[in-house]
Amino acid sequence: MAYTEKELQKELENKEYEYGFYTDIESDTIEKGLNEEVIKEISKRKNEPKWMTDWRLKAYKNWKKMAYPKWPNVNYKEVDFQKISYYSAPKKKDKYKSLDEVDPELLDTFNKLGISIAEQKKLAGVAIDVVMDSVSVATTFKDTLAKKGIIFCSMSEAIEKHPELVKKYIGTVVSASDNFYAALNAAVFSDGSFCYIPKGVRCPMELSTYFRINQGGTGQFERTLVVADKGSYVSYLEGCTAPMRDENQLHAAVVELIALDDAEIKYSTVQNWFPGDKEGKGGVYNFVTKRGICHDNAKISWTQVETGSAVTWKYPSCILKGNNSIGEFYSIAVTNNYQQADTGTKMIHLGKNTRSTIISKGISAGYSQNSYRGLVKVNSRAENTRNFSQCDSLLMGNKCGAHTFPYIETKNSSAQIEHEATTSKIGEEQIFYCNQRGIDTEEAIALIVKGFSKEVLNKLPMEFAVEAQKLLEISLEGSVG
Amino acid sequence: MLSIKDLHVEVEEKQILKGINLEIKPGEVHAIMGPNGSGKSTLSSVIAGDETYEVTNGEIIFDKEDLLELDTEERAHKGVFLSFQYPVEIPGITVTNFIKTALNSCQKAKGLPNIPAAEMLKMIREKSKLLEIDQKFLSRSLNESFSGGEKKRNEIFQMMMLNPKLAVLDETDSGLDIDALKIVAKGVNTFKNNTNAIVVITHYQRLLDYIVPDFVHVIHDGKIVKSGDKELAKELEEKGYDWIK
């Protein structure tokens with residue numbers, strides 16, 4: 001790994017949530033509460049066409065009829081949807097042409113996040129779109145991408161400049177009435193990222209979005225849409241942070257991926273929303289709907305490292321509609337203190353010879369609860385499908401919990417489905433062994449966790465893998481001893 | 001180098017060691033023998049700092065320092081090494097990665113920089129060659145599905161890499177066939193010099209044909225009941241432990 005032990009040590013000393021700063025930028029925030037007028041106002045402020053406003057209003061009507069979901073294995077106070085502001089944008093939001101025009105305070109925020117855009121531009125070859133609160137601030141590398149015909153911009157800009165594409169694909173994978181939070185998102189989504197890769201184009205760089213909730217009392221509802229046209233390839237990364245606040249912040253995003261024939265989408269997430277403090281106060285409620293559809297011979301691969309949020313509730317899924325299509329889900333979910341996570345995936349096999357792989361690693365520490373919930377569904381027409389699922393849980397201490405809820409529904413007898421599950425505990429013997437070799441306990445835990453998570457960490461793009469590993473270590477800091 | 005005086009140790013209020021006295025000087029090889037349950041392995045665990053065991057009386061002085069005051073990893077940093085009878089598995093961490101982490105932890109504790117990759121590689125090549133460990137082995141997860149022989153060879157490999165002052169080998173011969181035993185002994189004999197010391201804990205005399213001890217001690221019921229030279233080990237082999245009790 002690229003970082004030194006010294007750096008690791010430094011990171012470990014930094015026990016507190018390091019992204020807990022709040023940027024003092026004047027914000028343009030809509031009053032709290034939700035009704036049709038608010039939705040119209042959001043749409044108006046974003047200069048949206050009528051079809052978009054109507055789509056939102058329809059979603060809102062659906063949402064009002066829906067019941068608050070209570071089935072996940074998590075406990076929290078019900079969200080009061082009238083106490084949230086549904087739109088908050090950094091003021092002075094005339095569109096930025098280049099980074100030089102961006103508010104210096106905002107740029108400072110990016111530096112604190114460690115994403116130093118300027119540097120990224122030069123070194124990493126990562127095109128990055130930053131969504132602060134609700135509005136997309138700047139997309140770097142746009143020109144380079146445009147030469148290949150790749151569109152990578154904020155959702156607002158996409159609605160304005162590429163309405164035909166947005167109209168064609170939005171809501172086709174996660175409909176506006178899919179579920180409670182997806183419907184809410186459809187009604188009030190404020191921005192997000194849009195990405196289109198033309199036929200046969202291999203995106204030359206990692207595309208990246210950084211989400212940050214800044215204002216108090218706001219919800220963040222971004223919507224991401226990635227369309228990979230026939231035979232194209234894209235690797236997409238997203239990272240998330242939020243300031244430390246006593247109240248809970250709501251994050252309800254929707255991500256839709258469309259992989260047309262022979263296309264491949266790799267979608268990686270490092271989620272580090274504020275998890276709440278040691279007593280379980282504050283933190284982000286992360287209720288996200290992520291789903292992708294694969295056409296013939298297409299492949300979608302979800303990789304996620306989830307260390308943040310007070311309550312996480314998400315299932316990045318694949319609809320394997322096309323023949324010979326492939327779905328993959330690699331996940332590490334870490335919970336510490338009073339965090340709760342109910343996460344997993346759904347692999348829906350519709351096409352023939354479709355394959356899916358699920359590798360889920362749950363690490364629980366403190367008083368946290370970590371659940372894997374996964375569905376493998378095989379349609380009657382899906383001949384010769386294969387699935388392999390592996391769910392491993394690692395427990396630290398004896399006050400946390402790990403739960404596995406695998407669901408398998410198959411209507412075709414040619415399907416081959418394998419499920420493996422293990423639960424282990426970081427043993428005192430392992431730690432003693434490491435100690436005897438001169439490795440202190442904190443580092444021993446980091447080592448054991450790293451080994452446990454390896455299969456998933458290996459799936460992340462390099463620069464992300466290093467960051468993700470450090471995150472794991474910080475998240476588990478002080479959890480044994 | 002190591003001075004153990006009147007050491008009493010308990011586990012769950014059961015007395016295991018009942019007054020051990022032992023003096024070890026640099027350059028010496030000591031063998032500790034005894035029947036099962038006599039307290040041999042307890043002694044090695046206590047030297048390493050296993051907190052399952054409670055020291056109720058006595059002292060262990062290592063290089064003029066009170067060893068019992070130090071944490072396990074601090075003892076390791078000072079040069080105490082234990083070759084485990086049952087080495088643990090760490091899935092997903094390779095043999096190479098583990099030894100690298102261990103070595104650099106020791107470097108850090110001494111205020112020294114990490115060992116450069118090239119130098120580390122050279123050391124690994126040298127030691128693994130001597131112990132007839134192949135490249136593939138180095139990339140396997142630590143102790144995961146290792147055979148008994150592989151585990152012990154890996155312990156000796158780690159010992160040679162860490163180059164401790166005091167190496168305690170706890171039943172390193174158990175589970176080894178004669179060829180593996182010879183390789184392990186070759187490693188230990190290469191490691192041995194005038195500045196370090198080795199404690200070999202074993203049930204059988206077999207290993208001592210290859211790692212020749214300067215002193216042999218027999219533990220029975222938590223005490224050293226007899227000490228002698230290598231001839232004592234042979235006598236034990238012939239007569240068993242009964243005549244000593």
# chains A, B, ... in the order shown; residues from 1 in each chain; ligands from 1
>>> residues_around(residues="segment 103-116 of chain B", least_positions_apart="4", cutoff="9 Å", atoms="only C-alpha atoms", output="list in words")
Thr4, Glu5, Lys6, Arg437, Gly438, Ile439 and Asp440 of chain A; Glu73, Glu74, Ala76, His77, Lys78, Phe98, Ile99, Met120, Leu121, Met161 and Leu162 of chain B
>>> select_by_dssp(residues="segment 21-92 of chain A", states="strand (DSSP E)", output="list in words")
Ser27, Asp28, Thr29, Ser88, Ala89 and Pro90 of chain A
>>> closest_residue(among="B:Asn194, B:Gln85, B:Thr202, B:Ser147", to="chain A", atoms="only C-alpha atoms")
B:Gln85
>>> closest_residue(among="A:Ala421, A:Leu394, A:Cys400, A:Val255", to="chain B", atoms="only C-alpha atoms")
A:Leu394
>>> closest_residue(among="B:Leu130, B:Ala118, B:Ile61, B:Leu68", to="Val184 of chain B", atoms="only C-alpha atoms")
B:Leu130
>>> closest_residue(among="B:Leu236, B:Leu2, B:Ile219, B:Ile47", to="Thr72 of chain B", atoms="only C-alpha atoms")
B:Ile47
>>> closest_residue(among="A:Ser156, A:Thr343, A:Thr385, A:Asn435", to="chain B", atoms="only C-alpha atoms")
A:Asn435
